[in-house]
$ cat structure38.pdb   # PDB, C-alpha atoms
ATOM      1  CA  MET A 836    -100.527 -49.948-143.601
ATOM      2  CA  ALA A 837     -98.538 -51.091-140.556
ATOM      3  CA  LYS A 838     -94.891 -51.849-141.228
ATOM      4  CA  TYR A 839     -92.029 -52.961-138.976
ATOM      5  CA  ILE A 840     -88.419 -52.447-139.999
ATOM      6  CA  SER A 841     -85.702 -54.742-138.665
ATOM      7  CA  LEU A 842     -82.508 -52.999-137.538
ATOM      8  CA  PHE A 843     -80.542 -56.221-137.918
ATOM      9  CA  GLY A 844     -81.610 -57.718-141.199
ATOM     10  CA  GLY A 845     -82.609 -54.498-142.941
ATOM     11  CA  THR A 846     -85.960 -56.030-143.910
ATOM     12  CA  THR A 847     -89.460 -54.572-143.725
ATOM     13  CA  THR A 848     -92.504 -56.573-142.622
ATOM     14  CA  ASP A 849     -95.936 -55.585-143.925
ATOM     15  CA  THR A 850     -98.264 -56.823-141.169
ATOM     16  CA  THR A 851    -101.376 -56.287-143.293
ATOM     17  CA  VAL A 852    -100.391 -59.344-145.338
ATOM     18  CA  GLN A 853    -101.154 -62.738-143.780
ATOM     19  CA  VAL A 854     -98.089 -64.976-144.148
ATOM     20  CA  VAL A 855     -99.097 -68.161-142.267
ATOM     21  CA  LYS A 856    -102.286 -70.076-141.593
ATOM     22  CA  GLU A 857    -103.730 -71.716-138.516
ATOM     23  CA  ASN A 858    -102.116 -75.054-137.572
ATOM     24  CA  GLN A 859     -98.879 -74.081-139.361
ATOM     25  CA  ILE A 860     -95.471 -74.709-137.762
ATOM     26  CA  VAL A 861     -93.228 -71.734-136.958
ATOM     27  CA  ILE A 862     -89.547 -71.894-135.954
ATOM     28  CA  GLY A 863     -88.050 -69.484-133.423
ATOM     29  CA  TYR A 864     -84.339 -68.743-133.027
ATOM     30  CA  GLY A 865     -83.133 -67.266-129.734
ATOM     31  CA  PRO A 866     -79.806 -66.240-128.171
ATOM     32  CA  CYS A 867     -76.905 -68.542-129.072
ATOM     33  CA  MET A 868     -79.173 -69.753-131.898
ATOM     34  CA  SER A 869     -81.308 -71.902-129.596
ATOM     35  CA  MET A 870     -84.341 -73.184-131.502
ATOM     36  CA  ASN A 871     -88.009 -73.539-130.548
ATOM     37  CA  ARG A 872     -90.916 -74.909-132.551
ATOM     38  CA  TYR A 873     -94.367 -73.331-132.385
ATOM     39  CA  VAL A 874     -97.753 -74.035-133.906
ATOM     40  CA  VAL A 875    -100.107 -71.212-134.870
ATOM     41  CA  TYR A 876    -103.495 -71.882-133.281
ATOM     42  CA  LYS A 877    -105.191 -68.565-134.008
ATOM     43  CA  VAL A 878    -104.728 -65.766-136.545
ATOM     44  CA  GLU A 879    -106.287 -62.456-135.552
ATOM     45  CA  HIS A 880    -106.632 -59.270-137.594
ATOM     46  CA  THR A 881    -106.007 -56.105-135.537
ATOM     47  CA  ALA A 882    -105.483 -52.405-136.166
ATOM     48  CA  ASP A 883    -101.751 -53.104-136.465
ATOM     49  CA  GLY A 884    -102.224 -55.923-138.916
ATOM     50  CA  TYR A 885    -102.275 -59.688-138.414
ATOM     51  CA  MET A 886    -101.490 -61.086-134.959
ATOM     52  CA  TYR A 887    -100.330 -64.704-134.773
ATOM     53  CA  HIS A 888    -101.116 -66.632-131.590
ATOM     54  CA  MET A 889     -98.763 -69.590-131.162
ATOM     55  CA  ILE A 890     -98.026 -72.416-128.733
ATOM     56  CA  ASP A 891     -94.508 -73.552-127.874
ATOM     57  CA  LEU A 892     -94.554 -77.286-128.643
ATOM     58  CA  ASP A 893     -92.083 -78.045-125.831
ATOM     59  CA  THR A 894     -93.318 -75.842-122.977
ATOM     60  CA  LYS A 895     -96.950 -75.312-124.102
ATOM     61  CA  GLU A 896     -96.532 -71.597-123.419
ATOM     62  CA  ILE A 897     -98.565 -69.148-125.496
ATOM     63  CA  ARG A 898     -96.728 -66.546-127.574
ATOM     64  CA  CYS A 899     -97.988 -63.767-129.848
ATOM     65  CA  THR A 900     -96.301 -61.792-132.613
ATOM     66  CA  HIS A 901     -97.049 -59.505-135.533
ATOM     67  CA  ILE A 902     -93.779 -60.331-137.251
ATOM     68  CA  LEU A 903     -92.937 -63.625-138.958
ATOM     69  CA  GLN A 904     -90.145 -63.764-141.502
ATOM     70  CA  PRO A 905     -89.599 -66.305-144.291
ATOM     71  CA  LEU A 906     -87.089 -69.006-143.362
ATOM     72  CA  SER A 907     -85.321 -68.543-146.685
ATOM     73  CA  CYS A 908     -84.281 -65.072-145.431
ATOM     74  CA  GLN A 909     -83.277 -66.200-141.948
ATOM     75  CA  TYR A 910     -80.596 -63.899-140.521
ATOM     76  CA  GLY A 911     -80.626 -64.268-136.717
ATOM     77  CA  ILE A 912     -82.892 -64.066-133.688
ATOM     78  CA  GLY A 913     -86.586 -64.089-134.578
ATOM     79  CA  LYS A 914     -89.516 -66.261-135.629
ATOM     80  CA  TYR A 915     -89.685 -67.759-139.109
ATOM     81  CA  TYR A 916     -92.109 -69.694-141.279
ATOM     82  CA  ASP A 917     -91.018 -72.177-143.924
ATOM     83  CA  ASP A 918     -91.908 -70.374-147.146
ATOM     84  CA  LYS A 919     -90.876 -73.282-149.372
ATOM     85  CA  THR A 920     -92.155 -76.458-147.693
ATOM     86  CA  PRO A 921     -94.578 -75.338-144.940
ATOM     87  CA  GLN A 922     -95.536 -77.880-142.286
ATOM     88  CA  PHE A 923     -98.908 -78.229-140.539
ATOM     89  CA  MET A 924    -100.308 -80.092-137.532
ATOM     90  CA  ASP A 925    -103.643 -81.888-137.385
ATOM     91  CA  ALA A 926    -106.398 -79.378-136.504
ATOM     92  CA  PHE A 927    -107.827 -81.584-133.730
ATOM     93  CA  GLU A 928    -104.391 -81.976-132.102
ATOM     94  CA  VAL A 929    -103.903 -78.215-132.209
ATOM     95  CA  ALA A 930    -107.315 -77.624-130.616
ATOM     96  CA  VAL A 931    -106.453 -80.013-127.746
ATOM     97  CA  LEU A 932    -103.042 -78.372-127.375
ATOM     98  CA  ALA A 933    -104.600 -74.888-127.311
ATOM     99  CA  SER A 934    -107.038 -75.917-124.579
ATOM    100  CA  GLU A 935    -104.194 -77.290-122.480
ATOM    101  CA  ALA A 936    -102.045 -74.211-123.112
ATOM    102  CA  GLU A 937    -104.830 -71.842-122.070
ATOM    103  CA  ARG A 938    -105.444 -73.858-118.894
ATOM    104  CA  LEU A 939    -101.745 -73.725-118.025
ATOM    105  CA  ALA A 940    -101.673 -69.974-118.767
ATOM    106  CA  ALA A 941    -104.594 -69.390-116.390
ATOM    107  CA  GLU A 942    -102.907 -71.446-113.661
ATOM    108  CA  LYS A 943     -99.663 -69.554-114.185
ATOM    109  CA  ALA A 944    -101.431 -66.198-113.946
ATOM    110  CA  ASP A 945    -103.123 -67.270-110.702
ATOM    111  CA  ALA A 946     -99.821 -68.483-109.230
ATOM    112  CA  GLU A 947     -98.106 -65.245-110.223
ATOM    113  CA  ALA A 948    -100.871 -63.203-108.567
ATOM    114  CA  GLN A 949    -100.484 -65.185-105.339
ATOM    115  CA  ALA A 950     -96.704 -64.844-105.482
ATOM    116  CA  GLN A 951     -97.000 -61.092-105.987
ATOM    117  CA  ALA A 952     -99.356 -60.787-103.016
ATOM    118  CA  GLU A 953     -96.865 -62.690-100.825
ATOM    119  CA  HIS A 954     -94.010 -60.550-102.170
ATOM    120  CA  ASP A 955     -95.928 -57.390-101.259
ATOM    121  CA  ARG A 956     -96.678 -58.711 -97.752
ATOM    122  CA  ILE A 957     -93.001 -59.446 -97.095
ATOM    123  CA  ALA A 958     -91.981 -56.078 -98.550
ATOM    124  CA  ARG A 959     -94.328 -54.255 -96.171
ATOM    125  CA  ILE A 960     -92.667 -55.998 -93.221
ATOM    126  CA  GLY A 961     -89.226 -55.120 -94.592
ATOM    127  CA  ALA A 962     -90.135 -51.476 -95.199
ATOM    128  CA  GLU A 963     -91.250 -51.130 -91.589
ATOM    129  CA  ARG A 964     -87.978 -52.649 -90.374
ATOM    130  CA  LEU A 965     -85.918 -50.284 -92.496
ATOM    131  CA  GLU A 966     -87.928 -47.266 -91.352
ATOM    132  CA  ASN A 967     -86.890 -48.132 -87.800
ATOM    133  CA  ILE A 968     -83.175 -48.744 -88.387
ATOM    134  CA  MET A 969     -82.119 -46.668 -91.394
ATOM    135  CA  PRO A 970     -80.530 -43.303 -90.462
ATOM    136  CA  GLU A 971     -82.178 -40.135 -91.739
ATOM    137  CA  ASN A 972     -78.910 -38.990 -93.325
ATOM    138  CA  VAL A 973     -78.236 -42.243 -95.172
ATOM    139  CA  GLN A 974     -76.307 -41.803 -98.445
ATOM    140  CA  GLY A 975     -75.522 -45.424 -99.233
ATOM    141  CA  VAL A 976     -76.338 -48.988 -98.223
ATOM    142  CA  ILE A 977     -73.608 -51.633 -98.133
ATOM    143  CA  LEU A 978     -74.808 -54.943 -99.533
ATOM    144  CA  ALA A 979     -73.424 -58.460 -99.698
ATOM    145  CA  GLU A 980     -74.477 -60.288-102.834
ATOM    146  CA  LEU A 981     -74.309 -64.019-103.560
ATOM    147  CA  ASN A 982     -74.114 -64.453-107.332
ATOM    148  CA  GLU A 983     -74.245 -67.565-109.483
ATOM    149  CA  THR A 984     -73.265 -67.785-113.140
ATOM    150  CA  HIS A 985     -74.784 -70.396-115.429
ATOM    151  CA  PHE A 986     -73.456 -71.205-118.890
ATOM    152  CA  THR A 987     -76.310 -71.543-121.339
ATOM    153  CA  ASP A 988     -74.503 -73.430-124.092
ATOM    154  CA  PRO A 989     -71.703 -76.034-124.183
ATOM    155  CA  SER A 990     -69.211 -73.666-125.808
ATOM    156  CA  TYR A 991     -69.494 -71.265-122.808
ATOM    157  CA  GLU A 992     -70.045 -68.359-125.175
ATOM    158  CA  CYS A 993     -73.365 -67.504-123.539
ATOM    159  CA  ARG A 994     -73.748 -67.185-119.790
ATOM    160  CA  GLU A 995     -76.196 -65.723-117.314
ATOM    161  CA  THR A 996     -75.366 -64.283-113.876
ATOM    162  CA  GLN A 997     -78.054 -63.899-111.236
ATOM    163  CA  SER A 998     -78.197 -62.884-107.594
ATOM    164  CA  VAL A 999     -79.506 -65.623-105.313
ATOM    165  CA  ARG A1000     -79.263 -63.713-102.021
ATOM    166  CA  THR A1001     -78.784 -60.120-100.856
ATOM    167  CA  VAL A1002     -77.813 -59.140 -97.302
ATOM    168  CA  ILE A1003     -77.776 -55.620 -95.839
ATOM    169  CA  LEU A1004     -74.467 -55.133 -94.008
ATOM    170  CA  GLY A1005     -74.572 -51.471 -93.092
ATOM    171  CA  PHE A1006     -75.537 -47.872 -93.830
ATOM    172  CA  SER A1007     -73.188 -45.176 -95.064
ATOM    173  CA  THR A1008     -73.356 -41.388 -94.709
ATOM    174  CA  THR A1009     -71.331 -40.755 -97.875
ATOM    175  CA  THR A1010     -71.667 -41.634-101.549
ATOM    176  CA  ARG A1011     -67.902 -42.002-101.910
ATOM    177  CA  ASN A1012     -66.573 -45.464-102.665
ATOM    178  CA  GLY A1013     -63.899 -47.019-100.490
ATOM    179  CA  PHE A1014     -62.731 -50.584-100.066
ATOM    180  CA  GLY A1015     -61.949 -49.943 -96.385
ATOM    181  CA  GLU A1016     -65.629 -49.309 -95.694
ATOM    182  CA  LEU A1017     -66.589 -52.495 -97.540
ATOM    183  CA  ARG A1018     -64.014 -54.568 -95.646
ATOM    184  CA  ARG A1019     -65.317 -53.305 -92.291
ATOM    185  CA  ALA A1020     -68.873 -54.252 -93.254
ATOM    186  CA  ALA A1021     -67.708 -57.705 -94.399
ATOM    187  CA  ARG A1022     -67.224 -58.723 -90.747
ATOM    188  CA  ASN A1023     -70.981 -58.574 -90.138
ATOM    189  CA  LEU A1024     -71.735 -61.758 -92.108
ATOM    190  CA  PRO A1025     -69.907 -65.070 -91.544
ATOM    191  CA  GLU A1026     -69.992 -65.863 -95.259
ATOM    192  CA  THR A1027     -68.123 -62.640 -96.100
ATOM    193  CA  ALA A1028     -65.904 -62.342 -92.995
ATOM    194  CA  SER A1029     -62.840 -63.486 -94.956
ATOM    195  CA  LEU A1030     -63.192 -60.414 -97.199
ATOM    196  CA  ALA A1031     -62.342 -58.203 -94.213
ATOM    197  CA  VAL A1032     -58.676 -59.147 -94.718
ATOM    198  CA  TYR A1033     -56.900 -56.950 -97.270
ATOM    199  CA  ASN A1034     -56.359 -58.655-100.610
ATOM    200  CA  LYS A1035     -55.654 -56.441-103.603
ATOM    201  CA  ASP A1036     -56.849 -59.138-106.013
ATOM    202  CA  TYR A1037     -60.334 -58.876-104.449
ATOM    203  CA  GLU A1038     -60.672 -55.148-105.192
ATOM    204  CA  HIS A1039     -62.617 -54.618-108.434
ATOM    205  CA  ARG A1040     -63.164 -51.075-109.727
ATOM    206  CA  TYR A1041     -64.925 -51.838-113.002
ATOM    207  CA  PRO A1042     -67.780 -51.734-113.838
ATOM    208  CA  CYS A1043     -68.376 -50.695-110.206
ATOM    209  CA  PHE A1044     -66.549 -50.848-106.873
ATOM    210  CA  THR A1045     -66.912 -54.455-105.706
ATOM    211  CA  LEU A1046     -65.062 -56.399-103.031
ATOM    212  CA  GLY A1047     -64.828 -60.149-103.595
ATOM    213  CA  LYS A1048     -63.076 -62.955-105.382
ATOM    214  CA  SER A1049     -65.326 -62.452-108.405
ATOM    215  CA  PRO A1050     -68.314 -60.115-108.974
ATOM    216  CA  ASP A1051     -69.928 -62.862-111.065
ATOM    217  CA  SER A1052     -69.650 -65.832-108.728
ATOM    218  CA  GLY A1053     -69.765 -66.283-104.966
ATOM    219  CA  TRP A1054     -70.071 -63.577-102.312
ATOM    220  CA  SER A1055     -69.118 -59.993-103.060
ATOM    221  CA  ILE A1056     -69.787 -56.628-101.408
ATOM    222  CA  HIS A1057     -70.709 -53.271-102.925
ATOM    223  CA  LYS A1058     -72.418 -50.029-101.979
ATOM    224  CA  MET A1059     -75.821 -49.024-103.325
ATOM    225  CA  ARG A1060     -75.789 -45.250-103.883
ATOM    226  CA  TYR A1061     -77.698 -42.269-105.269
ATOM    227  CA  TYR A1062     -81.141 -43.015-103.820
ATOM    228  CA  THR A1063     -83.117 -41.016-101.290
ATOM    229  CA  ARG A1064     -83.874 -42.646 -97.964
ATOM    230  CA  LYS A1065     -87.307 -43.597 -99.296
ATOM    231  CA  GLY A1066     -85.695 -44.912-102.468
ATOM    232  CA  PHE A1067     -83.372 -47.174-100.473
ATOM    233  CA  ILE A1068     -86.321 -48.459 -98.445
ATOM    234  CA  ASP A1069     -88.410 -49.141-101.551
ATOM    235  CA  MET A1070     -85.540 -50.949-103.296
ATOM    236  CA  LEU A1071     -84.596 -53.100-100.290
ATOM    237  CA  ALA A1072     -87.973 -53.658 -98.606
ATOM    238  CA  TYR A1073     -88.365 -57.237 -99.837
ATOM    239  CA  THR A1074     -84.791 -58.118 -98.854
ATOM    240  CA  ALA A1075     -85.346 -56.718 -95.363
ATOM    241  CA  GLY A1076     -88.566 -58.711 -95.023
ATOM    242  CA  ASP A1077     -86.389 -61.628 -93.929
ATOM    243  CA  GLU A1078     -84.507 -60.744 -90.732
ATOM    244  CA  ALA A1079     -81.687 -63.077 -91.807
ATOM    245  CA  ASN A1080     -80.912 -60.592 -94.588
ATOM    246  CA  ILE A1081     -80.066 -57.774 -92.165
ATOM    247  CA  ARG A1082     -76.613 -58.154 -90.599
ATOM    248  CA  LEU A1083     -75.538 -54.857 -89.062
ATOM    249  CA  SER A1084     -72.647 -54.367 -86.663
ATOM    250  CA  ASN A1085     -73.548 -54.703 -82.984
ATOM    251  CA  ALA A1086     -73.002 -50.992 -82.449
ATOM    252  CA  THR A1087     -75.362 -50.053 -85.267
ATOM    253  CA  ALA A1088     -78.012 -52.530 -84.136
ATOM    254  CA  GLU A1089     -77.879 -51.277 -80.557
ATOM    255  CA  ARG A1090     -78.224 -47.654 -81.634
ATOM    256  CA  SER A1091     -81.200 -48.581 -83.784
ATOM    257  CA  ASP A1092     -82.989 -50.627 -81.120
ATOM    258  CA  LYS A1093     -82.239 -48.407 -78.125
ATOM    259  CA  ARG A1094     -82.640 -44.820 -79.167
ATOM    260  CA  PRO A1095     -82.911 -42.833 -75.926
ATOM    261  CA  GLU A1096     -85.709 -40.330 -75.546
ATOM    262  CA  THR A1097     -86.379 -37.467 -73.144
ATOM    263  CA  VAL A1098     -89.802 -36.123 -72.311
ATOM    264  CA  VAL A1099     -89.210 -32.384 -72.114
ATOM    265  CA  GLN A1100     -92.804 -31.586 -71.277
ATOM    266  CA  GLY A1101     -95.954 -33.667 -71.485
ATOM    267  CA  ASP A1102     -96.541 -32.921 -75.152
ATOM    268  CA  PHE A1103     -92.900 -32.794 -76.338
ATOM    269  CA  VAL A1104     -90.470 -35.668 -76.834
ATOM    270  CA  ILE A1105     -86.878 -35.471 -78.086
ATOM    271  CA  VAL A1106     -85.572 -38.679 -79.663
ATOM    272  CA  GLU A1107     -82.067 -39.611 -80.816
ATOM    273  CA  TYR A1108     -83.156 -40.546 -84.333
ATOM    274  CA  SER A1109     -79.749 -41.517 -85.740
ATOM    275  CA  ASP A1110     -76.041 -41.066 -85.053
ATOM    276  CA  LYS A1111     -76.181 -37.441 -86.185
ATOM    277  CA  ALA A1112     -79.830 -36.441 -85.853
ATOM    278  CA  ILE A1113     -82.565 -35.904 -83.277
ATOM    279  CA  ALA A1114     -86.308 -35.783 -83.775
ATOM    280  CA  VAL A1115     -88.922 -33.728 -81.950
ATOM    281  CA  PHE A1116     -92.475 -35.036 -81.590
ATOM    282  CA  GLY A1117     -95.497 -33.378 -80.052
ATOM    283  CA  ASP A1118     -97.791 -30.400 -80.595
ATOM    284  CA  THR A1119     -95.177 -28.344 -82.458
ATOM    285  CA  LYS A1120     -97.533 -26.269 -84.612
ATOM    286  CA  PRO A1121     -97.404 -23.155 -82.327
ATOM    287  CA  ILE A1122     -93.579 -23.037 -82.602
ATOM    288  CA  LYS A1123     -93.098 -24.336 -86.139
ATOM    289  CA  THR A1124     -91.584 -21.016 -87.323
ATOM    290  CA  GLU A1125     -88.957 -21.080 -84.555
ATOM    291  CA  LEU A1126     -88.200 -24.771 -85.199
ATOM    292  CA  SER A1127     -87.698 -24.058 -88.884
ATOM    293  CA  ALA A1128     -85.437 -21.091 -88.064
ATOM    294  CA  LEU A1129     -83.200 -23.452 -86.051
ATOM    295  CA  GLY A1130     -82.689 -25.562 -89.179
ATOM    296  CA  GLY A1131     -85.374 -28.130 -88.451
ATOM    297  CA  ARG A1132     -87.013 -30.125 -91.240
ATOM    298  CA  PHE A1133     -90.623 -31.254 -90.849
ATOM    299  CA  ASN A1134     -91.418 -34.824 -91.900
ATOM    300  CA  SER A1135     -94.908 -36.298 -91.694
ATOM    301  CA  ARG A1136     -93.654 -39.894 -92.008
ATOM    302  CA  LEU A1137     -91.086 -40.341 -89.260
ATOM    303  CA  THR A1138     -91.139 -43.507 -87.171
ATOM    304  CA  HIS A1139     -91.578 -43.431 -83.388
ATOM    305  CA  LYS A1140     -92.091 -46.583 -81.323
ATOM    306  CA  GLY A1141     -92.790 -48.560 -84.488
ATOM    307  CA  GLU A1142     -95.508 -46.203 -85.740
ATOM    308  CA  LYS A1143     -95.605 -43.467 -88.385
ATOM    309  CA  LYS A1144     -95.636 -40.060 -86.733
ATOM    310  CA  ALA A1145     -95.114 -36.459 -87.810
ATOM    311  CA  GLY A1146     -92.153 -34.622 -86.317
ATOM    312  CA  TRP A1147     -89.117 -32.419 -86.853
ATOM    313  CA  ILE A1148     -85.580 -33.564 -87.687
ATOM    314  CA  PHE A1149     -82.505 -31.626 -86.491
ATOM    315  CA  GLN A1150     -78.770 -32.129 -86.544
ATOM    316  CA  LYS A1151     -77.668 -33.474 -83.178
ATOM    317  CA  SER A1152     -75.557 -30.354 -82.665
ATOM    318  CA  LYS A1153     -78.823 -28.375 -82.382
ATOM    319  CA  GLU A1154     -80.132 -30.401 -79.426
ATOM    320  CA  GLU A1155     -79.371 -27.809 -76.714
ATOM    321  CA  GLN A1156     -80.921 -25.011 -78.766
ATOM    322  CA  VAL A1157     -84.019 -27.124 -79.355
ATOM    323  CA  ARG A1158     -84.270 -27.858 -75.618
ATOM    324  CA  ARG A1159     -84.019 -24.163 -74.765
ATOM    325  CA  LEU A1160     -86.666 -23.262 -77.364
ATOM    326  CA  ILE A1161     -89.099 -25.856 -76.065
ATOM    327  CA  GLY A1162     -88.329 -24.806 -72.480
ATOM    328  CA  LYS A1163     -89.343 -21.219 -73.268
ATOM    329  CA  ASN A1164     -92.686 -22.487 -74.561
ATOM    330  CA  GLU A1165     -93.561 -24.670 -71.577
TER     331      GLU A1165
END
$ encode --input "structure38.pdb" --output "structure tokens"
Amino acid sequence: MAKYISLFGGTTTDTTVQVVKENQIVIGYGPCMSMNRYVVYKVEHTADGYMYHMIDLDTKEIRCTHILQPLSCQYGIGKYYDDKTPQFMDAFEVAVLASEAERLAAEKADAEAQAQAEHDRIARIGAERLENIMPENVQGVILAELNETHFTDPSYECRETQSVRTVILGFSTTTRNGFGELRRAARNLPETASLAVYNKDYEHRYPCFTLGKSPDSGWSIHKMRYYTRKGFIDMLAYTAGDEANIRLSNATAERSDKRPETVVQGDFVIVEYSDKAIAVFGDTKPIKTELSALGGRFNSRLTHKGEKKAGWIFQKSKEEQVRRLIGKNE
């Protein structure tokens, strides 16, 4: 026998007992006690008990649940049936409504699939951009966030905050938080330029370091931390798919777009890969032991001239030693 226990009301629901019939009206209570009305258009018996398929009478969206509680025991959020004076809809009206709801559900699923495909396409473009400009030793990404807060009921007791735009302002080589770093990055975007001027009231430390008039409304700046380079790219790929969402300082942009390279010998190329790192490309297999001994780290997914390419990463301080090693193997 399948049973579900409510943590809030302390009640137990036996799903092997059918509590409503087809065409019966069900009432749903949501956050802030918002109310929705549903009609049950199909009752299905499953391994977990009875499943009730319902249609929202306002939105025509399909919902399913195993748990329906009697209205006489109503205690909060959930879906309830009137156990004293149950109400029903005409069977023909419900059949027409179900047909319309299923059509809308199919259209919604198709639209969501197309939207996901477009999202993935944009994310691929963004990932490629970030591969080209993000330093190998990145420890944090400084982001500008435009947030909007909407109140969901007239008493303002329930509200919802959402981000409507994210802009990449810079890359950081440390996980430490500092408002000075955020203020410097603020200059990169006209909408946040005013935050570059010191204002103690704009420094928020809880729940996280945020620079702005309010973390919940308007523009604010914070640092994304504790991801690997690949993790940062995965998280921000869609954002970077729109070039307008990348606003680096001129110095950073120039270093990213104009990394100098030196051809040491036909098969070897040394590239300034970031501010503090160089990369070596070419037929390095015969000297891989020596490269590793110098502190090199092999990476099969580096980016060179916009393409994925295997190579070795070194600290820039090792450049002369790398040159001498390659010179000995010419």
$ resolve_selection --input "structure38.pdb" --expression "the PyMOL selection byres ((chain A and resi 1120-1137) around 7)" --output "PyMOL selection string"
chain A and resi 1118-1119+1138-1139+1143-1149
$ resolve_selection --input "structure38.pdb" --expression "the PyMOL selection byres ((chain A and resi 916) around 9)" --output "PDB file with C-alpha atoms, keeping the file's coordinate frame"
ATOM      1  CA  VAL A 854     -98.089 -64.976-144.148  1.00  0.00           C
ATOM      2  CA  VAL A 855     -99.097 -68.161-142.267  1.00  0.00           C
ATOM      3  CA  GLN A 859     -98.879 -74.081-139.361  1.00  0.00           C
ATOM      4  CA  ILE A 860     -95.471 -74.709-137.762  1.00  0.00           C
ATOM      5  CA  VAL A 861     -93.228 -71.734-136.958  1.00  0.00           C
ATOM      6  CA  ILE A 862     -89.547 -71.894-135.954  1.00  0.00           C
ATOM      7  CA  GLY A 863     -88.050 -69.484-133.423  1.00  0.00           C
ATOM      8  CA  LEU A 903     -92.937 -63.625-138.958  1.00  0.00           C
ATOM      9  CA  GLN A 904     -90.145 -63.764-141.502  1.00  0.00           C
ATOM     10  CA  PRO A 905     -89.599 -66.305-144.291  1.00  0.00           C
ATOM     11  CA  LEU A 906     -87.089 -69.006-143.362  1.00  0.00           C
ATOM     12  CA  SER A 907     -85.321 -68.543-146.685  1.00  0.00           C
ATOM     13  CA  LYS A 914     -89.516 -66.261-135.629  1.00  0.00           C
ATOM     14  CA  TYR A 915     -89.685 -67.759-139.109  1.00  0.00           C
ATOM     15  CA  ASP A 917     -91.018 -72.177-143.924  1.00  0.00           C
ATOM     16  CA  ASP A 918     -91.908 -70.374-147.146  1.00  0.00           C
ATOM     17  CA  LYS A 919     -90.876 -73.282-149.372  1.00  0.00           C
ATOM     18  CA  PRO A 921     -94.578 -75.338-144.940  1.00  0.00           C
ATOM     19  CA  GLN A 922     -95.536 -77.880-142.286  1.00  0.00           C
TER      20      GLN A 922
END
$ resolve_selection --input "structure38.pdb" --expression "the PyMOL selection byres ((chain A and resi 885) around 8)" --output "PDB file with C-alpha atoms, in the coordinates of the input"
ATOM      1  CA  THR A 850     -98.264 -56.823-141.169  1.00  0.00           C
ATOM      2  CA  THR A 851    -101.376 -56.287-143.293  1.00  0.00           C
ATOM      3  CA  VAL A 852    -100.391 -59.344-145.338  1.00  0.00           C
ATOM      4  CA  GLN A 853    -101.154 -62.738-143.780  1.00  0.00           C
ATOM      5  CA  VAL A 878    -104.728 -65.766-136.545  1.00  0.00           C
ATOM      6  CA  GLU A 879    -106.287 -62.456-135.552  1.00  0.00           C
ATOM      7  CA  HIS A 880    -106.632 -59.270-137.594  1.00  0.00           C
ATOM      8  CA  THR A 881    -106.007 -56.105-135.537  1.00  0.00           C
ATOM      9  CA  ASP A 883    -101.751 -53.104-136.465  1.00  0.00           C
ATOM     10  CA  GLY A 884    -102.224 -55.923-138.916  1.00  0.00           C
ATOM     11  CA  MET A 886    -101.490 -61.086-134.959  1.00  0.00           C
ATOM     12  CA  TYR A 887    -100.330 -64.704-134.773  1.00  0.00           C
ATOM     13  CA  HIS A 901     -97.049 -59.505-135.533  1.00  0.00           C
TER      14      HIS A 901
END
$ atom_distance --input "structure38.pdb" --atom1 "CA of Ser869 (chain A)" --atom2 "CA of Glu937 (chain A)"
24.7 Å
$ residues_around --input "structure38.pdb" --residues "Ser1055 (chain A)" --least-positions-apart "2" --cutoff "9 Å" --atoms "all atoms listed in the file" --output "list in words"
Leu978, Ala979, Glu980, Leu981, Asn982, Thr1027, Leu1030, Tyr1037, Thr1045, Leu1046, Gly1047, Lys1048, Ser1049, Pro1050, Asp1051, Ser1052, Gly1053 and His1057 of chain A
$ write_last_selection --input "structure38.pdb" --atoms "C-alpha atoms" --output "PDB file, in the coordinates of the input"
ATOM      1  CA  LEU A 978     -74.808 -54.943 -99.533  1.00  0.00           C
ATOM      2  CA  ALA A 979     -73.424 -58.460 -99.698  1.00  0.00           C
ATOM      3  CA  GLU A 980     -74.477 -60.288-102.834  1.00  0.00           C
ATOM      4  CA  LEU A 981     -74.309 -64.019-103.560  1.00  0.00           C
ATOM      5  CA  ASN A 982     -74.114 -64.453-107.332  1.00  0.00           C
ATOM      6  CA  THR A1027     -68.123 -62.640 -96.100  1.00  0.00           C
ATOM      7  CA  LEU A1030     -63.192 -60.414 -97.199  1.00  0.00           C
ATOM      8  CA  TYR A1037     -60.334 -58.876-104.449  1.00  0.00           C
ATOM      9  CA  THR A1045     -66.912 -54.455-105.706  1.00  0.00           C
ATOM     10  CA  LEU A1046     -65.062 -56.399-103.031  1.00  0.00           C
ATOM     11  CA  GLY A1047     -64.828 -60.149-103.595  1.00  0.00           C
ATOM     12  CA  LYS A1048     -63.076 -62.955-105.382  1.00  0.00           C
ATOM     13  CA  SER A1049     -65.326 -62.452-108.405  1.00  0.00           C
ATOM     14  CA  PRO A1050     -68.314 -60.115-108.974  1.00  0.00           C
ATOM     15  CA  ASP A1051     -69.928 -62.862-111.065  1.00  0.00           C
ATOM     16  CA  SER A1052     -69.650 -65.832-108.728  1.00  0.00           C
ATOM     17  CA  GLY A1053     -69.765 -66.283-104.966  1.00  0.00           C
ATOM     18  CA  HIS A1057     -70.709 -53.271-102.925  1.00  0.00           C
TER      19      HIS A1057
END
$ closest_residue --input "structure38.pdb" --among "A:Leu1083, A:Ile897, A:Ile957, A:Ala962" --to "Ala940 (chain A)" --atoms "all atoms listed in the file"
A:Ile897
